[in-house]
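S.K.: File my_file_4.pdb follows (PDB, C-alpha atoms, pLDDT in the B column):
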```pdb
ATOM      1  CA  MET B   1       8.887   8.983 -20.145  1.00 90.00           C
ATOM      2  CA  LYS B   2       6.199   9.396 -17.507  1.00 93.00           C
ATOM      3  CA  ARG B   3       5.769   6.910 -14.654  1.00 94.00           C
ATOM      4  CA  ALA B   4       2.407   5.785 -16.076  1.00 94.00           C
ATOM      5  CA  ASP B   5       4.204   4.815 -19.308  1.00 97.00           C
ATOM      6  CA  LEU B   6       6.628   2.625 -17.361  1.00 97.00           C
ATOM      7  CA  THR B   7       3.707   0.950 -15.581  1.00 97.00           C
ATOM      8  CA  GLU B   8       2.094   0.168 -18.941  1.00 97.00           C
ATOM      9  CA  LYS B   9       5.405  -1.201 -20.263  1.00 98.00           C
ATOM     10  CA  ILE B  10       5.752  -3.478 -17.225  1.00 98.00           C
ATOM     11  CA  LEU B  11       2.153  -4.696 -17.595  1.00 98.00           C
ATOM     12  CA  ASP B  12       2.687  -5.331 -21.321  1.00 98.00           C
ATOM     13  CA  ILE B  13       5.779  -7.446 -20.559  1.00 98.00           C
ATOM     14  CA  LYS B  14       3.909  -9.312 -17.810  1.00 98.00           C
ATOM     15  CA  ARG B  15       1.109 -10.145 -20.273  1.00 98.00           C
ATOM     16  CA  GLU B  16       3.506 -11.037 -23.090  1.00 98.00           C
ATOM     17  CA  LYS B  17       5.518 -13.412 -20.860  1.00 98.00           C
ATOM     18  CA  GLY B  18       2.434 -14.850 -19.142  1.00 98.00           C
ATOM     19  CA  TRP B  19       3.925 -14.112 -15.723  1.00 98.00           C
ATOM     20  CA  THR B  20       1.892 -14.091 -12.515  1.00 98.00           C
ATOM     21  CA  TRP B  21       2.376 -11.557  -9.747  1.00 97.00           C
ATOM     22  CA  ALA B  22       3.512 -14.460  -7.553  1.00 96.00           C
ATOM     23  CA  TYR B  23       6.278 -15.292 -10.051  1.00 98.00           C
ATOM     24  CA  ILE B  24       7.359 -11.652 -10.358  1.00 98.00           C
ATOM     25  CA  CYS B  25       7.417 -11.145  -6.577  1.00 97.00           C
ATOM     26  CA  GLY B  26       9.364 -14.374  -6.161  1.00 97.00           C
ATOM     27  CA  GLU B  27      11.993 -13.136  -8.627  1.00 98.00           C
ATOM     28  CA  ILE B  28      12.292  -9.648  -7.091  1.00 98.00           C
ATOM     29  CA  GLY B  29      11.679 -10.549  -3.414  1.00 94.00           C
ATOM     30  CA  GLY B  30      12.952  -8.362  -0.602  1.00 94.00           C
ATOM     31  CA  MET B  31       9.677  -7.052   0.820  1.00 94.00           C
ATOM     32  CA  SER B  32       5.920  -7.555   0.911  1.00 93.00           C
ATOM     33  CA  GLU B  33       4.336  -8.579  -2.371  1.00 94.00           C
ATOM     34  CA  VAL B  34       1.840  -5.736  -1.876  1.00 94.00           C
ATOM     35  CA  LEU B  35       4.729  -3.243  -1.883  1.00 94.00           C
ATOM     36  CA  VAL B  36       6.525  -4.878  -4.837  1.00 97.00           C
ATOM     37  CA  ILE B  37       3.358  -4.978  -6.948  1.00 97.00           C
ATOM     38  CA  GLY B  38       2.438  -1.462  -5.804  1.00 95.00           C
ATOM     39  CA  ALA B  39       5.872  -0.231  -6.889  1.00 97.00           C
ATOM     40  CA  LEU B  40       5.554  -1.866 -10.299  1.00 98.00           C
ATOM     41  CA  LEU B  41       2.137  -0.215 -10.622  1.00 96.00           C
ATOM     42  CA  GLY B  42       3.653   3.179  -9.736  1.00 95.00           C
ATOM     43  CA  GLN B  43       2.408   3.639  -6.163  1.00 94.00           C
ATOM     44  CA  HIS B  44       5.601   2.841  -4.221  1.00 95.00           C
ATOM     45  CA  LYS B  45       9.315   2.969  -4.870  1.00 95.00           C
ATOM     46  CA  LEU B  46      11.657   0.025  -4.996  1.00 97.00           C
ATOM     47  CA  VAL B  47      14.920   0.360  -3.069  1.00 97.00           C
ATOM     48  CA  LYS B  48      17.948   0.281  -5.391  1.00 97.00           C
ATOM     49  CA  PRO B  49      18.766  -3.451  -5.113  1.00 97.00           C
ATOM     50  CA  LEU B  50      15.132  -4.374  -5.825  1.00 97.00           C
ATOM     51  CA  ALA B  51      14.857  -1.825  -8.639  1.00 98.00           C
ATOM     52  CA  ALA B  52      17.932  -3.470 -10.195  1.00 98.00           C
ATOM     53  CA  LYS B  53      16.319  -6.927  -9.910  1.00 98.00           C
ATOM     54  CA  ALA B  54      13.088  -5.649 -11.457  1.00 98.00           C
ATOM     55  CA  ALA B  55      14.988  -3.914 -14.261  1.00 98.00           C
ATOM     56  CA  LYS B  56      16.870  -7.111 -15.060  1.00 98.00           C
ATOM     57  CA  LEU B  57      13.699  -9.212 -14.940  1.00 98.00           C
ATOM     58  CA  PHE B  58      11.739  -6.862 -17.226  1.00 98.00           C
ATOM     59  CA  GLY B  59      14.700  -5.844 -19.429  1.00 98.00           C
ATOM     60  CA  LEU B  60      14.360  -2.165 -18.492  1.00 98.00           C
ATOM     61  CA  THR B  61      16.757   0.647 -19.322  1.00 98.00           C
ATOM     62  CA  GLU B  62      18.949   2.345 -16.713  1.00 98.00           C
ATOM     63  CA  MET B  63      16.617   5.358 -16.729  1.00 98.00           C
ATOM     64  CA  GLU B  64      13.581   3.116 -16.128  1.00 98.00           C
ATOM     65  CA  GLU B  65      15.429   1.367 -13.295  1.00 98.00           C
ATOM     66  CA  ARG B  66      16.086   4.758 -11.701  1.00 98.00           C
ATOM     67  CA  MET B  67      12.430   5.644 -12.114  1.00 97.00           C
ATOM     68  CA  LEU B  68      11.465   2.545 -10.094  1.00 98.00           C
ATOM     69  CA  ASN B  69      13.636   3.944  -7.269  1.00 97.00           C
ATOM     70  CA  GLU B  70      11.979   7.392  -7.269  1.00 96.00           C
ATOM     71  CA  VAL B  71       9.362   8.326  -4.689  1.00 95.00           C
ATOM     72  CA  PRO B  72       6.100   8.387  -6.668  1.00 93.00           C
ATOM     73  CA  TYR B  73       3.179  10.744  -6.519  1.00 91.00           C
ATOM     74  CA  ARG B  74       0.925   8.257  -4.752  1.00 88.00           C
ATOM     75  CA  GLY B  75      -2.785   7.896  -5.291  1.00 86.00           C
ATOM     76  CA  THR B  76      -2.747   8.918  -8.935  1.00 81.00           C
ATOM     77  CA  GLY B  77      -4.758   6.914 -11.410  1.00 78.00           C
ATOM     78  CA  THR B  78      -7.733   6.162  -9.147  1.00 81.00           C
ATOM     79  CA  SER B  79     -10.758   8.418  -9.495  1.00 84.00           C
ATOM     80  CA  MET B  80     -12.708   9.324  -6.376  1.00 87.00           C
ATOM     81  CA  PRO B  81     -14.980   7.709  -5.668  1.00 89.00           C
ATOM     82  CA  PRO B  82     -13.319   4.713  -7.285  1.00 89.00           C
ATOM     83  CA  THR B  83     -15.179   3.155 -10.210  1.00 91.00           C
ATOM     84  CA  ASP B  84     -13.495  -0.266 -10.186  1.00 91.00           C
ATOM     85  CA  PRO B  85     -15.895  -2.532  -8.247  1.00 93.00           C
ATOM     86  CA  LEU B  86     -13.205  -4.204  -6.113  1.00 92.00           C
ATOM     87  CA  ILE B  87     -11.497  -0.939  -5.165  1.00 91.00           C
ATOM     88  CA  TYR B  88     -14.907   0.666  -4.604  1.00 94.00           C
ATOM     89  CA  ARG B  89     -15.763  -2.055  -2.046  1.00 94.00           C
ATOM     90  CA  PHE B  90     -12.718  -1.096   0.023  1.00 93.00           C
ATOM     91  CA  TYR B  91     -13.793   2.544  -0.252  1.00 93.00           C
ATOM     92  CA  GLU B  92     -17.311   1.518   0.812  1.00 95.00           C
ATOM     93  CA  MET B  93     -15.921  -0.437   3.797  1.00 94.00           C
ATOM     94  CA  VAL B  94     -14.149   2.708   4.989  1.00 94.00           C
ATOM     95  CA  LEU B  95     -17.172   4.944   4.401  1.00 93.00           C
ATOM     96  CA  VAL B  96     -19.540   2.602   6.243  1.00 94.00           C
ATOM     97  CA  ASN B  97     -17.235   1.227   8.951  1.00 94.00           C
ATOM     98  CA  GLY B  98     -14.701   4.059   9.250  1.00 94.00           C
ATOM     99  CA  PRO B  99     -16.545   5.964  11.984  1.00 93.00           C
ATOM    100  CA  ALA B 100     -16.755   2.789  14.114  1.00 95.00           C
ATOM    101  CA  TRP B 101     -13.076   1.944  13.461  1.00 95.00           C
ATOM    102  CA  LYS B 102     -12.173   5.499  14.474  1.00 95.00           C
ATOM    103  CA  ALA B 103     -14.231   5.277  17.672  1.00 95.00           C
ATOM    104  CA  LEU B 104     -12.704   1.917  18.627  1.00 95.00           C
ATOM    105  CA  ILE B 105      -9.119   3.028  17.927  1.00 95.00           C
ATOM    106  CA  GLU B 106      -9.579   6.269  19.878  1.00 95.00           C
ATOM    107  CA  GLU B 107     -11.157   4.471  22.819  1.00 95.00           C
ATOM    108  CA  GLU B 108      -8.302   1.952  22.957  1.00 96.00           C
ATOM    109  CA  PHE B 109      -5.323   4.199  22.075  1.00 96.00           C
ATOM    110  CA  GLY B 110      -6.395   7.831  22.471  1.00 94.00           C
ATOM    111  CA  ASP B 111      -6.462  10.819  20.099  1.00 94.00           C
ATOM    112  CA  GLY B 112      -4.496   9.934  16.982  1.00 94.00           C
ATOM    113  CA  ILE B 113      -4.360   7.845  13.828  1.00 95.00           C
ATOM    114  CA  MET B 114      -3.218   4.494  12.521  1.00 95.00           C
ATOM    115  CA  SER B 115      -0.214   5.018  10.280  1.00 95.00           C
ATOM    116  CA  ALA B 116      -0.449   4.092   6.619  1.00 91.00           C
ATOM    117  CA  ILE B 117       3.348   4.482   6.365  1.00 91.00           C
ATOM    118  CA  ASP B 118       4.514   2.358   9.324  1.00 95.00           C
ATOM    119  CA  PHE B 119       2.065  -0.278   8.203  1.00 93.00           C
ATOM    120  CA  ASP B 120       1.830  -3.982   7.366  1.00 94.00           C
ATOM    121  CA  LEU B 121      -0.811  -5.762   5.326  1.00 93.00           C
ATOM    122  CA  LYS B 122      -1.257  -9.486   4.844  1.00 93.00           C
ATOM    123  CA  MET B 123      -3.680 -11.131   2.450  1.00 94.00           C
ATOM    124  CA  GLU B 124      -4.755 -14.753   2.729  1.00 96.00           C
ATOM    125  CA  ARG B 125      -7.149 -17.040   0.911  1.00 97.00           C
ATOM    126  CA  LEU B 126      -9.405 -18.932   3.311  1.00 98.00           C
ATOM    127  CA  PRO B 127     -11.093 -21.984   1.783  1.00 98.00           C
ATOM    128  CA  ASN B 128     -14.819 -22.063   2.511  1.00 98.00           C
ATOM    129  CA  GLU B 129     -17.504 -24.425   1.242  1.00 97.00           C
ATOM    130  CA  LYS B 130     -19.757 -21.454   0.405  1.00 97.00           C
ATOM    131  CA  GLY B 131     -16.972 -19.757  -1.570  1.00 97.00           C
ATOM    132  CA  ASP B 132     -13.417 -18.900  -0.663  1.00 98.00           C
ATOM    133  CA  ARG B 133     -12.901 -15.840   1.514  1.00 97.00           C
ATOM    134  CA  VAL B 134     -10.344 -13.040   1.341  1.00 97.00           C
ATOM    135  CA  LYS B 135      -8.690 -12.303   4.684  1.00 97.00           C
ATOM    136  CA  MET B 136      -6.942  -8.939   4.987  1.00 95.00           C
ATOM    137  CA  THR B 137      -4.963  -8.203   8.145  1.00 96.00           C
ATOM    138  CA  MET B 138      -3.737  -4.629   8.645  1.00 94.00           C
ATOM    139  CA  SER B 139      -1.333  -3.495  11.320  1.00 96.00           C
ATOM    140  CA  GLY B 140      -0.357   0.150  11.603  1.00 96.00           C
ATOM    141  CA  LYS B 141       1.600   2.046  14.218  1.00 96.00           C
ATOM    142  CA  PHE B 142      -0.542   4.296  16.407  1.00 95.00           C
ATOM    143  CA  LEU B 143       0.483   7.924  15.936  1.00 94.00           C
ATOM    144  CA  PRO B 144      -0.875  10.144  18.701  1.00 93.00           C
ATOM    145  CA  PHE B 145      -2.038  13.645  17.917  1.00 91.00           C
ATOM    146  CA  LYS B 146       0.485  16.217  19.180  1.00 86.00           C
ATOM    147  CA  TYR B 147      -0.844  19.040  21.367  1.00 87.00           C
ATOM    148  CA  TYR B 148       1.736  21.689  20.543  1.00 85.00           C
ATOM    149  CA  ASP B 149       2.304  24.752  22.719  1.00 87.00           C
ATOM    150  CA  ASN B 150       0.951  22.665  25.579  1.00 83.00           C
ATOM    151  CA  GLU B 151       1.197  24.032  29.106  1.00 86.00           C
ATOM    152  CA  GLN B 152      -0.494  23.786  32.514  1.00 87.00           C
ATOM    153  CA  GLY B 153       0.272  20.064  32.724  1.00 86.00           C
ATOM    154  CA  ILE B 154      -1.451  19.270  29.413  1.00 87.00           C
ATOM    155  CA  PRO B 155       0.256  16.195  27.903  1.00 87.00           C
ATOM    156  CA  ALA B 156       2.175  16.718  24.671  1.00 87.00           C
ATOM    157  CA  TYR B 157       0.562  13.735  22.949  1.00 88.00           C
ATOM    158  CA  GLY B 158      -2.950  12.307  22.703  1.00 87.00           C
ATOM    159  CA  PHE B 159      -2.297   8.888  24.199  1.00 86.00           C
ATOM    160  CA  LYS B 160      -5.242   7.382  26.070  1.00 84.00           C
ATOM    161  CA  GLU B 161      -5.681   9.200  29.368  1.00 81.00           C
TER     162      GLU B 161
END
```
What does this structure look like when you write it as structure tokens?

M.R.:
Amino acid sequence: MKRADLTEKILDIKREKGWTWAYICGEIGGMSEVLVIGALLGQHKLVKPLAAKAAKLFGLTEMEERMLNEVPYRGTGTSMPPTDPLIYRFYEMVLVNGPAWKALIEEEFGDGIMSAIDFDLKMERLPNEKGDRVKMTMSGKFLPFKYYDNEQGIPAYGFKE
């Protein structure tokens, strides 16, 4: 079985049972719903206790449970540029605003990146009379660029000078 087949099996069971992602995440618990859903969709792994809960919930085999605990090949399944309108809008936000985000982060923190591994994401629904709004809050650890083989008093890392 390939990981994509397990994802399809999980989605089929979700549809058949009429479950919501909120229900599924409530049953599995243990970490962010984004990570739980991402794992069930094949983009993250579930730690063993959560893989066991998911396997029990979905009636999966032992092999499928183990597969949920494997580190996946992330990013598969989405063409570039993305064709799904919602995913494309996130891509568009990065293309249009990315240079400004980069400039602001570098000015505040120095030469480096915001981690997508040591990272938190929260999603909220904000009621609005003109139409509800989606609020996404991202928080990632700043990882400074390392200046290896540095000498002559050059700092080892690209923190703001």

S.K.: Which residues would end up in the selection if the PyMOL selection byres ((chain B and resi 120) around 8) were applied here, given that I need the answer as a PDB file with C-alpha atoms, in the frame of the given file?

M.R.:
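Result file part_24.pdb:
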```pdb
ATOM      1  CA  ASP B 118       4.514   2.358   9.324  1.00 95.00           C
ATOM      2  CA  PHE B 119       2.065  -0.278   8.203  1.00 93.00           C
ATOM      3  CA  LEU B 121      -0.811  -5.762   5.326  1.00 93.00           C
ATOM      4  CA  LYS B 122      -1.257  -9.486   4.844  1.00 93.00           C
ATOM      5  CA  MET B 138      -3.737  -4.629   8.645  1.00 94.00           C
ATOM      6  CA  SER B 139      -1.333  -3.495  11.320  1.00 96.00           C
ATOM      7  CA  GLY B 140      -0.357   0.150  11.603  1.00 96.00           C
TER       8      GLY B 140
END
```

S.K.: Using only C-alpha atoms, pick whichever of B:Leu35, B:Trp21, B:Val96, B:Met1 has the shortest atom-to-atom distance to Met63 of chain B.

M.R.: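 When distances to Met63 of chain B are compared using only C-alpha atoms, the smallest one comes from B:Met1.
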
S.K.: In Å to one decimal, how far is atom CA of Leu50 of chain B from atom CA of Met67 of chain B?

M.R.: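 The value is 12.1 Å.
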
S.K.: Please list as a list in words every residue within 12 Å of Glu62 of chain B, counting only C-alpha atoms and excluding residues in the same chain fewer than 6 positions away.

M.R.: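 So, after excluding close chain neighbours, the residues are Lys48, Ala51, Ala52, Lys53, Ala54, Ala55, Lys56, Leu68 and Asn69 of chain B.
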
S.K.: Starting from the PyMOL selection byres ((chain B and resi 23) around 12), expand the selection into actual residues of this file and give them as a VMD selection string.

M.R.: chain B and resid 14 17 to 22 24 to 29 33 36 to 37 54 57

S.K.: Which residues are near Ile10 of chain B? Cut-off 9 Å, only C-alpha atoms, ignore same chain within fewer than 4 positions. Put them as an mmCIF file with C-alpha atoms, keeping the file's coordinate frame.

M.R.:
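Output (part.cif):
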```cif
data_model
loop_
_atom_site.group_PDB
_atom_site.id
_atom_site.type_symbol
_atom_site.label_atom_id
_atom_site.label_comp_id
_atom_site.auth_asym_id
_atom_site.auth_seq_id
_atom_site.Cartn_x
_atom_site.Cartn_y
_atom_site.Cartn_z
ATOM 1 C CA ASP B 5 4.204 4.815 -19.308
ATOM 2 C CA LEU B 6 6.628 2.625 -17.361
ATOM 3 C CA LYS B 14 3.909 -9.312 -17.810
ATOM 4 C CA ARG B 15 1.109 -10.145 -20.273
ATOM 5 C CA LEU B 40 5.554 -1.866 -10.299
ATOM 6 C CA LEU B 41 2.137 -0.215 -10.622
ATOM 7 C CA PHE B 58 11.739 -6.862 -17.226
ATOM 8 C CA LEU B 60 14.360 -2.165 -18.492
#
```

S.K.: Edge lengths and centre, in Å to one decimal, as AutoDock Vina command-line options: that's what I need for the box along x, y and z that holds all listed atoms of segment 149-152 of chain B plus 8 Å on each side.

M.R.:
```
--center_x 0.9 --center_y 23.7 --center_z 27.6 --size_x 18.8 --size_y 18.1 --size_z 25.8
```

S.K.: Neighbours of Gly77 of chain B within 10 Å (all atoms listed in the file; same-chain residues fewer than 6 positions away dropped), as number ranges by chain?

M.R.: B: 4, 41-43

S.K.: Can you write segment 15-52 of chain B from the block above with N, CA and C atoms, as a PDB file, in the first residue's frame?

M.R.:
```pdb
ATOM      1  N   ARG B  15     -16.066  10.185   4.988  1.00  0.00           N
ATOM      2  CA  ARG B  15     -17.295  10.455   4.237  1.00  0.00           C
ATOM      3  C   ARG B  15     -18.408   9.479   4.622  1.00  0.00           C
ATOM      4  N   GLU B  16     -18.050   8.191   4.671  1.00  0.00           N
ATOM      5  CA  GLU B  16     -19.035   7.156   4.991  1.00  0.00           C
ATOM      6  C   GLU B  16     -19.667   7.378   6.365  1.00  0.00           C
ATOM      7  N   LYS B  17     -18.852   7.766   7.347  1.00  0.00           N
ATOM      8  CA  LYS B  17     -19.336   7.966   8.721  1.00  0.00           C
ATOM      9  C   LYS B  17     -19.966   9.345   8.923  1.00  0.00           C
ATOM     10  N   GLY B  18     -19.715  10.267   7.987  1.00  0.00           N
ATOM     11  CA  GLY B  18     -20.234  11.624   8.132  1.00  0.00           C
ATOM     12  C   GLY B  18     -19.512  12.427   9.205  1.00  0.00           C
ATOM     13  N   TRP B  19     -18.258  12.065   9.455  1.00  0.00           N
ATOM     14  CA  TRP B  19     -17.469  12.740  10.491  1.00  0.00           C
ATOM     15  C   TRP B  19     -16.957  14.088   9.997  1.00  0.00           C
ATOM     16  N   THR B  20     -16.802  15.024  10.927  1.00  0.00           N
ATOM     17  CA  THR B  20     -16.151  16.300  10.632  1.00  0.00           C
ATOM     18  C   THR B  20     -14.694  16.197  11.078  1.00  0.00           C
ATOM     19  N   TRP B  21     -13.884  17.118  10.572  1.00  0.00           N
ATOM     20  CA  TRP B  21     -12.489  17.160  11.044  1.00  0.00           C
ATOM     21  C   TRP B  21     -12.457  17.495  12.530  1.00  0.00           C
ATOM     22  N   ALA B  22     -13.381  18.339  12.982  1.00  0.00           N
ATOM     23  CA  ALA B  22     -13.426  18.685  14.409  1.00  0.00           C
ATOM     24  C   ALA B  22     -13.674  17.437  15.250  1.00  0.00           C
ATOM     25  N   TYR B  23     -14.591  16.581  14.815  1.00  0.00           N
ATOM     26  CA  TYR B  23     -14.865  15.338  15.549  1.00  0.00           C
ATOM     27  C   TYR B  23     -13.622  14.447  15.567  1.00  0.00           C
ATOM     28  N   ILE B  24     -13.012  14.262  14.410  1.00  0.00           N
ATOM     29  CA  ILE B  24     -11.838  13.393  14.298  1.00  0.00           C
ATOM     30  C   ILE B  24     -10.712  13.907  15.188  1.00  0.00           C
ATOM     31  N   CYS B  25     -10.444  15.213  15.124  1.00  0.00           N
ATOM     32  CA  CYS B  25      -9.370  15.791  15.945  1.00  0.00           C
ATOM     33  C   CYS B  25      -9.695  15.675  17.430  1.00  0.00           C
ATOM     34  N   GLY B  26     -10.959  15.808  17.787  1.00  0.00           N
ATOM     35  CA  GLY B  26     -11.361  15.645  19.171  1.00  0.00           C
ATOM     36  C   GLY B  26     -11.136  14.228  19.671  1.00  0.00           C
ATOM     37  N   GLU B  27     -11.332  13.248  18.803  1.00  0.00           N
ATOM     38  CA  GLU B  27     -11.126  11.841  19.173  1.00  0.00           C
ATOM     39  C   GLU B  27      -9.642  11.491  19.271  1.00  0.00           C
ATOM     40  N   ILE B  28      -8.833  12.049  18.381  1.00  0.00           N
ATOM     41  CA  ILE B  28      -7.393  11.725  18.358  1.00  0.00           C
ATOM     42  C   ILE B  28      -6.640  12.629  19.326  1.00  0.00           C
ATOM     43  N   GLY B  29      -6.897  13.951  19.280  1.00  0.00           N
ATOM     44  CA  GLY B  29      -6.270  14.895  20.201  1.00  0.00           C
ATOM     45  C   GLY B  29      -4.754  14.897  20.130  1.00  0.00           C
ATOM     46  N   GLY B  30      -4.143  15.438  21.194  1.00  0.00           N
ATOM     47  CA  GLY B  30      -2.699  15.346  21.366  1.00  0.00           C
ATOM     48  C   GLY B  30      -1.847  16.438  20.761  1.00  0.00           C
ATOM     49  N   MET B  31      -2.330  17.094  19.703  1.00  0.00           N
ATOM     50  CA  MET B  31      -1.561  18.174  19.093  1.00  0.00           C
ATOM     51  C   MET B  31      -2.485  18.996  18.212  1.00  0.00           C
ATOM     52  N   SER B  32      -1.951  20.006  17.589  1.00  0.00           N
ATOM     53  CA  SER B  32      -2.719  20.922  16.750  1.00  0.00           C
ATOM     54  C   SER B  32      -3.575  20.163  15.749  1.00  0.00           C
ATOM     55  N   GLU B  33      -4.799  20.659  15.541  1.00  0.00           N
ATOM     56  CA  GLU B  33      -5.663  20.040  14.540  1.00  0.00           C
ATOM     57  C   GLU B  33      -5.047  20.132  13.149  1.00  0.00           C
ATOM     58  N   VAL B  34      -4.282  21.170  12.878  1.00  0.00           N
ATOM     59  CA  VAL B  34      -3.611  21.286  11.574  1.00  0.00           C
ATOM     60  C   VAL B  34      -2.650  20.113  11.383  1.00  0.00           C
ATOM     61  N   LEU B  35      -1.912  19.755  12.439  1.00  0.00           N
ATOM     62  CA  LEU B  35      -0.971  18.636  12.331  1.00  0.00           C
ATOM     63  C   LEU B  35      -1.689  17.299  12.243  1.00  0.00           C
ATOM     64  N   VAL B  36      -2.763  17.117  13.015  1.00  0.00           N
ATOM     65  CA  VAL B  36      -3.517  15.855  12.972  1.00  0.00           C
ATOM     66  C   VAL B  36      -4.120  15.665  11.581  1.00  0.00           C
ATOM     67  N   ILE B  37      -4.804  16.691  11.084  1.00  0.00           N
ATOM     68  CA  ILE B  37      -5.411  16.590   9.754  1.00  0.00           C
ATOM     69  C   ILE B  37      -4.322  16.408   8.696  1.00  0.00           C
ATOM     70  N   GLY B  38      -3.242  17.176   8.810  1.00  0.00           N
ATOM     71  CA  GLY B  38      -2.126  17.025   7.873  1.00  0.00           C
ATOM     72  C   GLY B  38      -1.567  15.616   7.871  1.00  0.00           C
ATOM     73  N   ALA B  39      -1.478  14.998   9.038  1.00  0.00           N
ATOM     74  CA  ALA B  39      -0.980  13.619   9.126  1.00  0.00           C
ATOM     75  C   ALA B  39      -1.947  12.663   8.449  1.00  0.00           C
ATOM     76  N   LEU B  40      -3.232  12.838   8.687  1.00  0.00           N
ATOM     77  CA  LEU B  40      -4.222  11.960   8.055  1.00  0.00           C
ATOM     78  C   LEU B  40      -4.250  12.146   6.543  1.00  0.00           C
ATOM     79  N   LEU B  41      -3.859  13.334   6.083  1.00  0.00           N
ATOM     80  CA  LEU B  41      -3.778  13.602   4.647  1.00  0.00           C
ATOM     81  C   LEU B  41      -2.405  13.255   4.061  1.00  0.00           C
ATOM     82  N   GLY B  42      -1.496  12.729   4.906  1.00  0.00           N
ATOM     83  CA  GLY B  42      -0.213  12.243   4.417  1.00  0.00           C
ATOM     84  C   GLY B  42       0.931  13.222   4.437  1.00  0.00           C
ATOM     85  N   GLN B  43       0.779  14.384   5.083  1.00  0.00           N
ATOM     86  CA  GLN B  43       1.827  15.395   5.068  1.00  0.00           C
ATOM     87  C   GLN B  43       2.641  15.473   6.359  1.00  0.00           C
ATOM     88  N   HIS B  44       2.188  14.825   7.413  1.00  0.00           N
ATOM     89  CA  HIS B  44       2.905  14.775   8.682  1.00  0.00           C
ATOM     90  C   HIS B  44       2.838  13.354   9.205  1.00  0.00           C
ATOM     91  N   LYS B  45       3.574  13.077  10.255  1.00  0.00           N
ATOM     92  CA  LYS B  45       3.448  11.780  10.911  1.00  0.00           C
ATOM     93  C   LYS B  45       2.708  11.974  12.220  1.00  0.00           C
ATOM     94  N   LEU B  46       2.065  10.918  12.668  1.00  0.00           N
ATOM     95  CA  LEU B  46       1.480  10.918  14.001  1.00  0.00           C
ATOM     96  C   LEU B  46       2.417  10.151  14.921  1.00  0.00           C
ATOM     97  N   VAL B  47       2.689  10.680  16.112  1.00  0.00           N
ATOM     98  CA  VAL B  47       3.488   9.928  17.077  1.00  0.00           C
ATOM     99  C   VAL B  47       2.715   8.657  17.427  1.00  0.00           C
ATOM    100  N   LYS B  48       3.419   7.640  17.921  1.00  0.00           N
ATOM    101  CA  LYS B  48       2.812   6.314  18.104  1.00  0.00           C
ATOM    102  C   LYS B  48       1.497   6.313  18.873  1.00  0.00           C
ATOM    103  N   PRO B  49       1.392   7.026  20.021  1.00  0.00           N
ATOM    104  CA  PRO B  49       0.097   6.978  20.723  1.00  0.00           C
ATOM    105  C   PRO B  49      -1.052   7.563  19.899  1.00  0.00           C
ATOM    106  N   LEU B  50      -0.762   8.607  19.113  1.00  0.00           N
ATOM    107  CA  LEU B  50      -1.812   9.209  18.286  1.00  0.00           C
ATOM    108  C   LEU B  50      -2.111   8.357  17.061  1.00  0.00           C
ATOM    109  N   ALA B  51      -1.093   7.703  16.520  1.00  0.00           N
ATOM    110  CA  ALA B  51      -1.315   6.776  15.402  1.00  0.00           C
ATOM    111  C   ALA B  51      -2.209   5.626  15.862  1.00  0.00           C
ATOM    112  N   ALA B  52      -2.002   5.160  17.094  1.00  0.00           N
ATOM    113  CA  ALA B  52      -2.841   4.084  17.640  1.00  0.00           C
ATOM    114  C   ALA B  52      -4.289   4.552  17.791  1.00  0.00           C
TER     115      ALA B  52
END
```
